[in-house]
$ cat run-v1.cif   # mmCIF, C-alpha atoms
data_my_file
#
loop_
_atom_site.label_atom_id
_atom_site.label_comp_id
_atom_site.auth_asym_id
_atom_site.auth_seq_id
_atom_site.Cartn_x
_atom_site.Cartn_y
_atom_site.Cartn_z
CA MET V 1 0.00 0.00 0.00
CA TYR V 2 2.80 2.34 1.01
CA LYS V 3 4.82 1.35 -2.07
CA ILE V 4 1.87 2.08 -4.36
CA PHE V 5 1.48 5.50 -2.77
CA LEU V 6 5.20 6.21 -3.10
CA SER V 7 5.45 5.16 -6.74
CA LEU V 8 2.29 7.10 -7.61
CA SER V 9 3.65 10.26 -5.98
CA LEU V 10 6.95 9.92 -7.83
CA LEU V 11 5.05 9.50 -11.07
CA LEU V 12 2.93 12.57 -10.42
CA LEU V 13 5.93 14.65 -9.36
CA SER V 14 7.54 13.97 -12.72
CA ALA V 15 4.84 16.27 -14.10
CA CYS V 16 6.55 19.16 -12.31
CA THR V 17 8.28 21.09 -15.00
CA THR V 18 9.80 24.49 -15.57
CA VAL V 19 7.60 26.91 -17.43
CA GLN V 20 9.53 28.42 -20.31
CA PRO V 21 9.62 32.23 -20.53
CA TRP V 22 7.71 32.23 -23.81
CA ASP V 23 4.85 30.21 -22.31
CA LYS V 24 4.08 32.84 -19.68
CA ASP V 25 1.73 34.82 -21.91
CA LEU V 26 -1.34 33.89 -19.85
CA LEU V 27 0.44 34.88 -16.63
CA ALA V 28 1.03 38.35 -18.04
CA LYS V 29 -2.68 39.05 -18.53
CA PRO V 30 -4.12 41.72 -16.21
CA SER V 31 -6.74 39.22 -14.99
CA MET V 32 -3.93 37.02 -13.68
CA ALA V 33 -2.47 39.71 -11.45
CA LEU V 34 -2.33 38.84 -7.76
CA VAL V 35 -3.96 42.14 -6.84
CA PRO V 36 -6.68 43.82 -8.92
CA SER V 37 -5.26 47.31 -8.54
CA GLU V 38 -1.68 47.86 -7.54
CA ILE V 39 -2.11 51.50 -6.55
CA ASP V 40 -5.11 50.74 -4.35
CA ASN V 41 -3.18 47.86 -2.86
CA ALA V 42 -0.19 50.08 -2.07
CA LEU V 43 -2.48 52.59 -0.36
CA ASP V 44 -4.17 49.83 1.64
CA GLU V 45 -0.80 48.50 2.74
CA HIS V 46 0.18 51.95 3.95
CA ILE V 47 -3.08 52.32 5.86
CA TYR V 48 -2.63 48.96 7.54
CA PHE V 49 0.93 49.85 8.46
CA SER V 50 -0.15 53.21 9.90
CA LYS V 51 -3.09 51.84 11.85
CA GLU V 52 -1.84 48.48 12.97
CA ALA V 53 1.96 48.66 12.49
CA SER V 54 1.53 45.53 10.40
CA MET V 55 3.23 44.76 7.13
CA GLY V 56 2.97 42.11 4.50
CA GLY V 57 0.32 39.53 3.84
CA GLN V 58 -0.65 41.30 0.63
CA GLY V 59 0.36 40.36 -2.91
CA VAL V 60 3.91 39.36 -3.79
CA GLY V 61 6.09 42.12 -5.20
CA GLY V 62 6.16 41.77 -9.00
CA GLY V 63 4.07 38.64 -8.79
CA GLY V 64 2.01 37.48 -11.73
CA CYS V 65 4.21 39.20 -14.23
CA GLY V 66 4.83 36.79 -17.04
CA CYS V 67 7.95 38.51 -18.28
CA ASN V 68 10.55 37.41 -15.73
CA MET Z 1 13.56 36.17 -6.64
CA LEU Z 2 14.89 35.54 -10.09
CA LEU Z 3 18.50 36.60 -10.35
CA LEU Z 4 18.85 38.55 -13.55
CA PHE Z 5 22.28 39.28 -14.82
CA ASN Z 6 23.95 39.77 -18.16
CA PRO Z 7 26.55 37.07 -18.54
CA VAL Z 8 29.41 37.58 -20.87
CA TYR Z 9 29.98 34.18 -22.37
CA ALA Z 10 33.32 32.82 -21.17
CA ASP Z 11 34.19 30.83 -24.26
CA TYR Z 12 32.13 32.59 -26.94
CA PRO Z 13 30.10 29.67 -28.28
CA THR Z 14 28.96 29.72 -31.88
CA ALA Z 15 25.57 31.32 -32.21
CA PRO Z 16 22.99 28.78 -33.42
CA LYS Z 17 22.06 29.28 -37.04
CA PHE Z 18 18.44 29.56 -38.06
CA GLN Z 19 16.02 30.49 -40.81
CA LEU Z 20 12.74 32.09 -39.82
CA PRO Z 21 9.81 33.63 -41.70
CA THR Z 22 9.24 37.36 -41.63
CA ASN Z 23 6.47 39.41 -43.17
CA GLN Z 24 8.80 40.07 -46.08
CA GLY Z 25 10.12 36.57 -46.71
CA VAL Z 26 12.55 34.26 -44.93
CA ILE Z 27 15.55 35.54 -43.01
CA ASP Z 28 18.67 33.39 -42.77
CA ILE Z 29 21.14 34.47 -40.11
CA SER Z 30 24.08 32.78 -41.83
CA GLN Z 31 23.80 35.39 -44.59
CA LEU Z 32 24.62 38.07 -42.02
CA GLN Z 33 28.05 36.64 -41.22
CA GLY Z 34 30.64 39.35 -40.83
CA LYS Z 35 28.24 41.77 -39.15
CA VAL Z 36 27.51 42.52 -35.54
CA ILE Z 37 24.07 41.05 -34.87
CA TYR Z 38 21.69 41.90 -32.04
CA ILE Z 39 18.96 39.29 -31.66
CA ASP Z 40 15.99 40.15 -29.47
CA PHE Z 41 13.31 37.65 -28.45
CA TRP Z 42 10.07 39.44 -27.66
CA ALA Z 43 6.30 39.02 -27.44
CA SER Z 44 3.37 41.41 -27.55
CA TRP Z 45 2.21 40.45 -24.06
CA CYS Z 46 5.51 41.45 -22.49
CA ARG Z 47 5.67 45.15 -21.64
CA PRO Z 48 9.46 45.47 -21.26
CA CYS Z 49 9.76 43.85 -24.71
CA LYS Z 50 7.54 46.53 -26.20
CA ASN Z 51 9.43 49.24 -24.32
CA SER Z 52 12.69 48.08 -25.88
CA PHE Z 53 11.59 48.78 -29.44
CA PRO Z 54 12.18 52.56 -29.44
CA TRP Z 55 15.72 51.90 -28.21
CA MET Z 56 16.34 49.21 -30.84
CA ILE Z 57 14.97 51.46 -33.58
CA ALA Z 58 17.28 54.23 -32.36
CA MET Z 59 20.29 51.90 -32.33
CA LYS Z 60 19.59 50.68 -35.86
CA GLU Z 61 19.27 54.25 -37.02
CA LYS Z 62 22.45 55.31 -35.22
CA PHE Z 63 24.57 52.55 -36.71
CA LYS Z 64 22.77 52.34 -40.04
CA ASP Z 65 25.90 52.93 -42.11
CA LEU Z 66 27.83 50.26 -40.22
CA PRO Z 67 27.67 46.44 -40.48
CA PHE Z 68 25.14 46.13 -37.70
CA GLU Z 69 21.91 44.15 -37.86
CA ILE Z 70 19.04 43.71 -35.45
CA ILE Z 71 16.69 40.75 -35.69
CA ALA Z 72 13.62 40.84 -33.46
CA ILE Z 73 12.20 37.35 -33.06
CA ASN Z 74 8.57 37.26 -31.99
CA LEU Z 75 7.34 34.44 -29.78
CA ASP Z 76 3.61 35.22 -29.81
CA LYS Z 77 1.40 32.19 -30.31
CA ASP Z 78 -1.14 34.47 -32.02
CA LYS Z 79 0.55 36.28 -34.90
CA LYS Z 80 -2.26 38.83 -35.06
CA LEU Z 81 -1.18 40.33 -31.72
CA ALA Z 82 2.38 40.67 -32.98
CA ASP Z 83 1.29 42.26 -36.25
CA GLU Z 84 -0.83 44.78 -34.35
CA PHE Z 85 2.17 45.91 -32.35
CA ILE Z 86 4.48 45.95 -35.38
CA ALA Z 87 2.02 48.19 -37.21
CA SER Z 88 2.18 50.69 -34.35
CA GLN Z 89 5.94 51.12 -34.57
CA ASN Z 90 8.31 52.37 -37.29
CA ILE Z 91 10.49 49.30 -37.21
CA ASN Z 92 13.59 49.54 -39.35
CA PHE Z 93 14.84 45.99 -38.94
CA PRO Z 94 13.43 42.53 -39.71
CA VAL Z 95 10.96 40.93 -37.34
CA ALA Z 96 10.92 37.14 -37.54
CA PHE Z 97 8.24 34.81 -36.19
CA ASP Z 98 9.01 31.81 -34.04
CA PRO Z 99 5.65 30.78 -32.50
CA GLN Z 100 6.89 27.29 -31.64
CA ALA Z 101 9.90 28.83 -29.87
CA ASN Z 102 12.28 26.50 -31.74
CA VAL Z 103 14.98 29.12 -32.13
CA ALA Z 104 14.32 30.44 -28.62
CA THR Z 105 15.01 26.96 -27.25
CA LEU Z 106 18.25 26.80 -29.24
CA TYR Z 107 19.46 30.05 -27.73
CA GLY Z 108 18.15 29.44 -24.23
CA MET Z 109 16.83 32.25 -22.05
CA GLU Z 110 15.81 33.04 -18.48
CA GLY Z 111 13.15 35.65 -19.05
CA MET Z 112 11.52 37.94 -21.53
CA PRO Z 113 12.87 39.83 -23.32
CA SER Z 114 16.20 38.17 -23.96
CA SER Z 115 18.74 39.64 -26.32
CA PHE Z 116 21.94 38.21 -27.66
CA LEU Z 117 24.91 40.07 -29.07
CA ILE Z 118 26.77 38.17 -31.78
CA ASP Z 119 30.16 39.22 -33.08
CA PRO Z 120 31.20 39.28 -36.75
CA ASP Z 121 32.64 35.77 -36.44
CA GLY Z 122 29.24 34.39 -35.49
CA LYS Z 123 30.13 33.88 -31.83
CA LEU Z 124 27.77 34.65 -28.96
CA ARG Z 125 29.21 37.44 -26.85
CA ILE Z 126 26.66 38.67 -24.34
CA ARG Z 127 23.17 37.64 -23.29
CA TYR Z 128 20.89 40.32 -21.88
CA THR Z 129 17.85 39.30 -19.87
CA GLY Z 130 15.16 41.91 -19.47
CA PHE Z 131 15.19 45.46 -20.73
CA TRP Z 132 16.51 48.04 -18.30
CA ASN Z 133 16.86 51.75 -18.89
CA LYS Z 134 20.02 51.80 -16.83
CA SER Z 135 21.82 49.32 -19.06
CA LYS Z 136 21.00 51.00 -22.38
CA ASN Z 137 24.33 52.82 -22.47
CA GLU Z 138 26.23 49.68 -21.56
CA LYS Z 139 24.59 47.78 -24.41
CA GLU Z 140 25.31 50.58 -26.87
CA LYS Z 141 28.93 50.56 -25.80
CA ALA Z 142 29.13 46.78 -26.27
CA ILE Z 143 27.75 47.09 -29.80
CA TYR Z 144 30.15 49.93 -30.54
CA ASN Z 145 33.13 47.94 -29.22
CA LEU Z 146 32.29 44.99 -31.43
CA LEU Z 147 31.83 47.23 -34.46
CA ASN Z 148 35.30 48.65 -33.82
CA LYS Z 149 36.75 45.17 -34.11
CA ILE Z 150 35.66 44.88 -37.74
CA LYS Z 151 38.49 45.83 -40.07
CA PRO Z 152 37.39 48.39 -42.67
#
$ encode --input "run-v1.cif" --output "structure tokens"
Amino acid sequence: MYKIFLSLSLLLLSACTTVQPWDKDLLAKPSMALVPSEIDNALDEHIYFSKEASMGGQGVGGGGCGCN
Amino acid sequence: MLLLFNPVYADYPTAPKFQLPTNQGVIDISQLQGKVIYIDFWASWCRPCKNSFPWMIAMKEKFKDLPFEIIAINLDKDKKLADEFIASQNINFPVAFDPQANVATLYGMEGMPSSFLIDPDGKLRIRYTGFWNKSKNEKEKAIYNLLNKIKP
């Protein structure tokens, strides 16, 4: 049972592959951005920092960009 | 975080040869032997790629009387998107189409855009990943240095 699980996981992990730079066209679409509006998000982050002294937990910097 | 740097090739490998279609026929890079060639892989969905076109157009114009060629290789899967962008620019160099990314795979790249500087002997000199305003002068100098190596 354990061996079946192990071999199945190894098989599935072989599907992990690097995405080539030229295949990132869908990632570059605005609908794929991690935050809907970057400027609003930056303002929200500042408000949270000012009110709560908290940082982070928002989108990843530069995330979703298909170029790099 | 992706580490982006511009490696100077240590042993100057031979640049892979290719033939690709353009809107004006087929381009064969082996016919450009003896010139300094700047190859740029780009796509219409990549904003830094689009931002690099004014600089490339300016470089081609600046060195137009010298043996310098630029080939922009488009990697869009939908050619219509590429043609739309091409129509919006005054491009003064050939734009080739490589939707299957065959040539892109041959050259190898880390991100978009990727540019390659090839010397007159057909050897790869420098690979540039990304398009950065701060490295425009450095790239121009690299092109100029290679052009100086060509005997008149």
$ residues_around --input "run-v1.cif" --residues "Z:Ile150" --least-positions-apart "5" --cutoff "10 Å" --atoms "all atoms listed in the file" --output "ChimeraX atom specification"
/Z:34-36,66-67,119-121,145
$ residues_around --input "run-v1.cif" --residues "V:Gln58" --least-positions-apart "2" --cutoff "10 Å" --atoms "only C-alpha atoms" --output "list in words"
Leu34, Val35, Asn41, Ala42, Asp44, Glu45, Met55, Gly56, Val60 and Gly61 of chain V
$ write_last_selection --input "run-v1.cif" --atoms "C-alpha atoms" --output "PDB file, keeping the file's coordinate frame"
ATOM      1  CA  LEU V  34      -2.330  38.840  -7.760  1.00  0.00           C
ATOM      2  CA  VAL V  35      -3.960  42.140  -6.840  1.00  0.00           C
ATOM      3  CA  ASN V  41      -3.180  47.860  -2.860  1.00  0.00           C
ATOM      4  CA  ALA V  42      -0.190  50.080  -2.070  1.00  0.00           C
ATOM      5  CA  ASP V  44      -4.170  49.830   1.640  1.00  0.00           C
ATOM      6  CA  GLU V  45      -0.800  48.500   2.740  1.00  0.00           C
ATOM      7  CA  MET V  55       3.230  44.760   7.130  1.00  0.00           C
ATOM      8  CA  GLY V  56       2.970  42.110   4.500  1.00  0.00           C
ATOM      9  CA  VAL V  60       3.910  39.360  -3.790  1.00  0.00           C
ATOM     10  CA  GLY V  61       6.090  42.120  -5.200  1.00  0.00           C
TER      11      GLY V  61
END
$ atom_distance --input "run-v1.cif" --atom1 "atom CA of V:Ala28" --atom2 "atom CA of V:Leu43"
23.0 Å
$ interface_residues --input "run-v1.cif" --of "chain Z" --to "chain V" --cutoff "6 Å" --atoms "only C-alpha atoms" --output "PDB file with C-alpha atoms, keeping the file's coordinate frame"
ATOM      1  CA  CYS Z  46       5.510  41.450 -22.490  1.00  0.00           C
ATOM      2  CA  GLY Z 111      13.150  35.650 -19.050  1.00  0.00           C
ATOM      3  CA  MET Z 112      11.520  37.940 -21.530  1.00  0.00           C
TER       4      MET Z 112
END
$ atom_distance --input "run-v1.cif" --atom1 "atom CA of Z:Gln31" --atom2 "atom CA of Z:Phe18"
10.3 Å
$ residues_around --input "run-v1.cif" --residues "stretch 78-93 of chain Z" --least-positions-apart "5" --cutoff "12 Å" --atoms "all atoms listed in the file" --output "PyMOL selection string"
(chain V and resi 25) or (chain Z and resi 21-24+27+37-40+42-47+49-64+68-73+98-100)
$ atom_distance --input "run-v1.cif" --atom1 "atom CA of Z:Leu20" --atom2 "atom CA of Z:Lys77"
14.8 Å
$ resolve_selection --input "run-v1.cif" --expression "the PyMOL selection byres ((chain Z and resi 8) around 12)" --output "mmCIF file with C-alpha atoms, in the frame of the given file"
data_model
loop_
_atom_site.group_PDB
_atom_site.id
_atom_site.type_symbol
_atom_site.label_atom_id
_atom_site.label_comp_id
_atom_site.auth_asym_id
_atom_site.auth_seq_id
_atom_site.Cartn_x
_atom_site.Cartn_y
_atom_site.Cartn_z
ATOM 1 C CA PHE Z 5 22.280 39.280 -14.820
ATOM 2 C CA ASN Z 6 23.950 39.770 -18.160
ATOM 3 C CA PRO Z 7 26.550 37.070 -18.540
ATOM 4 C CA TYR Z 9 29.980 34.180 -22.370
ATOM 5 C CA ALA Z 10 33.320 32.820 -21.170
ATOM 6 C CA ASP Z 11 34.190 30.830 -24.260
ATOM 7 C CA TYR Z 12 32.130 32.590 -26.940
ATOM 8 C CA PRO Z 13 30.100 29.670 -28.280
ATOM 9 C CA PHE Z 116 21.940 38.210 -27.660
ATOM 10 C CA LEU Z 117 24.910 40.070 -29.070
ATOM 11 C CA ILE Z 118 26.770 38.170 -31.780
ATOM 12 C CA LYS Z 123 30.130 33.880 -31.830
ATOM 13 C CA LEU Z 124 27.770 34.650 -28.960
ATOM 14 C CA ARG Z 125 29.210 37.440 -26.850
ATOM 15 C CA ILE Z 126 26.660 38.670 -24.340
ATOM 16 C CA ARG Z 127 23.170 37.640 -23.290
ATOM 17 C CA TYR Z 128 20.890 40.320 -21.880
ATOM 18 C CA THR Z 129 17.850 39.300 -19.870
ATOM 19 C CA LYS Z 139 24.590 47.780 -24.410
ATOM 20 C CA ALA Z 142 29.130 46.780 -26.270
#
$ resolve_selection --input "run-v1.cif" --expression "the PyMOL selection byres ((chain Z and resi 17) around 7)" --output "VMD selection string"
chain Z and resid 15 to 16 18 29 to 30
$ build_atoms --input "run-v1.cif" --residues "stretch 69-80 of chain Z" --atoms "all heavy atoms" --output "short mmCIF file (atom, residue, chain, number, x, y, z; two decimals), in the frame of the given file"
data_model
loop_
_atom_site.label_atom_id
_atom_site.label_comp_id
_atom_site.auth_asym_id
_atom_site.auth_seq_id
_atom_site.Cartn_x
_atom_site.Cartn_y
_atom_site.Cartn_z
N GLU Z 69 23.26 44.60 -37.56
CA GLU Z 69 21.91 44.15 -37.86
C GLU Z 69 21.18 43.83 -36.57
O GLU Z 69 21.77 43.32 -35.61
CB GLU Z 69 21.93 42.88 -38.73
CG GLU Z 69 22.50 43.06 -40.12
CD GLU Z 69 21.63 43.92 -41.01
OE1 GLU Z 69 20.41 44.02 -40.76
OE2 GLU Z 69 22.17 44.51 -41.96
N ILE Z 70 19.90 44.13 -36.56
CA ILE Z 70 19.04 43.71 -35.45
C ILE Z 70 18.01 42.75 -36.02
O ILE Z 70 17.46 43.00 -37.11
CB ILE Z 70 18.31 44.91 -34.82
CG1 ILE Z 70 19.31 45.92 -34.27
CG2 ILE Z 70 17.37 44.45 -33.72
CD1 ILE Z 70 18.66 47.12 -33.59
N ILE Z 71 17.79 41.64 -35.33
CA ILE Z 71 16.69 40.75 -35.69
C ILE Z 71 15.81 40.60 -34.46
O ILE Z 71 16.27 40.13 -33.42
CB ILE Z 71 17.17 39.36 -36.14
CG1 ILE Z 71 18.20 39.47 -37.26
CG2 ILE Z 71 16.00 38.51 -36.61
CD1 ILE Z 71 18.82 38.15 -37.63
N ALA Z 72 14.55 41.01 -34.58
CA ALA Z 72 13.62 40.84 -33.46
C ALA Z 72 12.82 39.58 -33.74
O ALA Z 72 12.15 39.47 -34.75
CB ALA Z 72 12.70 42.05 -33.35
N ILE Z 73 12.89 38.61 -32.86
CA ILE Z 73 12.20 37.35 -33.06
C ILE Z 73 10.99 37.30 -32.14
O ILE Z 73 11.12 37.36 -30.91
CB ILE Z 73 13.13 36.15 -32.79
CG1 ILE Z 73 14.34 36.24 -33.70
CG2 ILE Z 73 12.38 34.84 -33.01
CD1 ILE Z 73 15.33 35.11 -33.52
N ASN Z 74 9.82 37.21 -32.76
CA ASN Z 74 8.57 37.26 -31.99
C ASN Z 74 8.14 35.87 -31.56
O ASN Z 74 8.17 34.93 -32.35
CB ASN Z 74 7.50 37.93 -32.85
CG ASN Z 74 6.15 37.89 -32.19
OD1 ASN Z 74 5.31 37.04 -32.47
ND2 ASN Z 74 5.94 38.79 -31.25
N LEU Z 75 7.72 35.75 -30.31
CA LEU Z 75 7.34 34.44 -29.78
C LEU Z 75 5.84 34.35 -29.48
O LEU Z 75 5.41 33.44 -28.78
CB LEU Z 75 8.14 34.16 -28.50
CG LEU Z 75 9.66 34.11 -28.69
CD1 LEU Z 75 10.36 33.96 -27.36
CD2 LEU Z 75 10.05 32.97 -29.59
N ASP Z 76 5.05 35.29 -30.02
CA ASP Z 76 3.61 35.22 -29.81
C ASP Z 76 3.03 33.97 -30.44
O ASP Z 76 3.38 33.60 -31.55
CB ASP Z 76 2.92 36.43 -30.47
CG ASP Z 76 2.85 37.61 -29.54
OD1 ASP Z 76 2.00 37.56 -28.64
OD2 ASP Z 76 3.62 38.56 -29.72
N LYS Z 77 2.08 33.35 -29.72
CA LYS Z 77 1.40 32.19 -30.31
C LYS Z 77 0.34 32.66 -31.30
O LYS Z 77 -0.04 31.93 -32.21
CB LYS Z 77 0.79 31.35 -29.20
CG LYS Z 77 1.87 30.77 -28.29
CD LYS Z 77 1.33 29.84 -27.24
CE LYS Z 77 2.41 29.22 -26.39
NZ LYS Z 77 3.41 30.10 -25.82
N ASP Z 78 -0.15 33.89 -31.11
CA ASP Z 78 -1.14 34.47 -32.02
C ASP Z 78 -0.47 35.58 -32.81
O ASP Z 78 -0.18 36.64 -32.26
CB ASP Z 78 -2.31 35.01 -31.18
CG ASP Z 78 -3.42 35.57 -32.05
OD1 ASP Z 78 -3.27 35.59 -33.28
OD2 ASP Z 78 -4.46 35.98 -31.48
N LYS Z 79 -0.23 35.33 -34.08
CA LYS Z 79 0.55 36.28 -34.90
C LYS Z 79 -0.16 37.62 -35.02
O LYS Z 79 0.47 38.65 -35.18
CB LYS Z 79 0.80 35.68 -36.28
CG LYS Z 79 1.68 36.54 -37.18
CD LYS Z 79 2.09 35.77 -38.42
CE LYS Z 79 2.99 36.58 -39.32
NZ LYS Z 79 2.32 37.66 -40.01
N LYS Z 80 -1.49 37.58 -34.90
CA LYS Z 80 -2.26 38.83 -35.06
C LYS Z 80 -1.83 39.87 -34.02
O LYS Z 80 -1.71 41.05 -34.33
CB LYS Z 80 -3.75 38.50 -34.89
CG LYS Z 80 -4.67 39.49 -35.57
CD LYS Z 80 -6.09 38.97 -35.76
CE LYS Z 80 -6.64 38.12 -34.65
NZ LYS Z 80 -7.21 38.88 -33.54
#
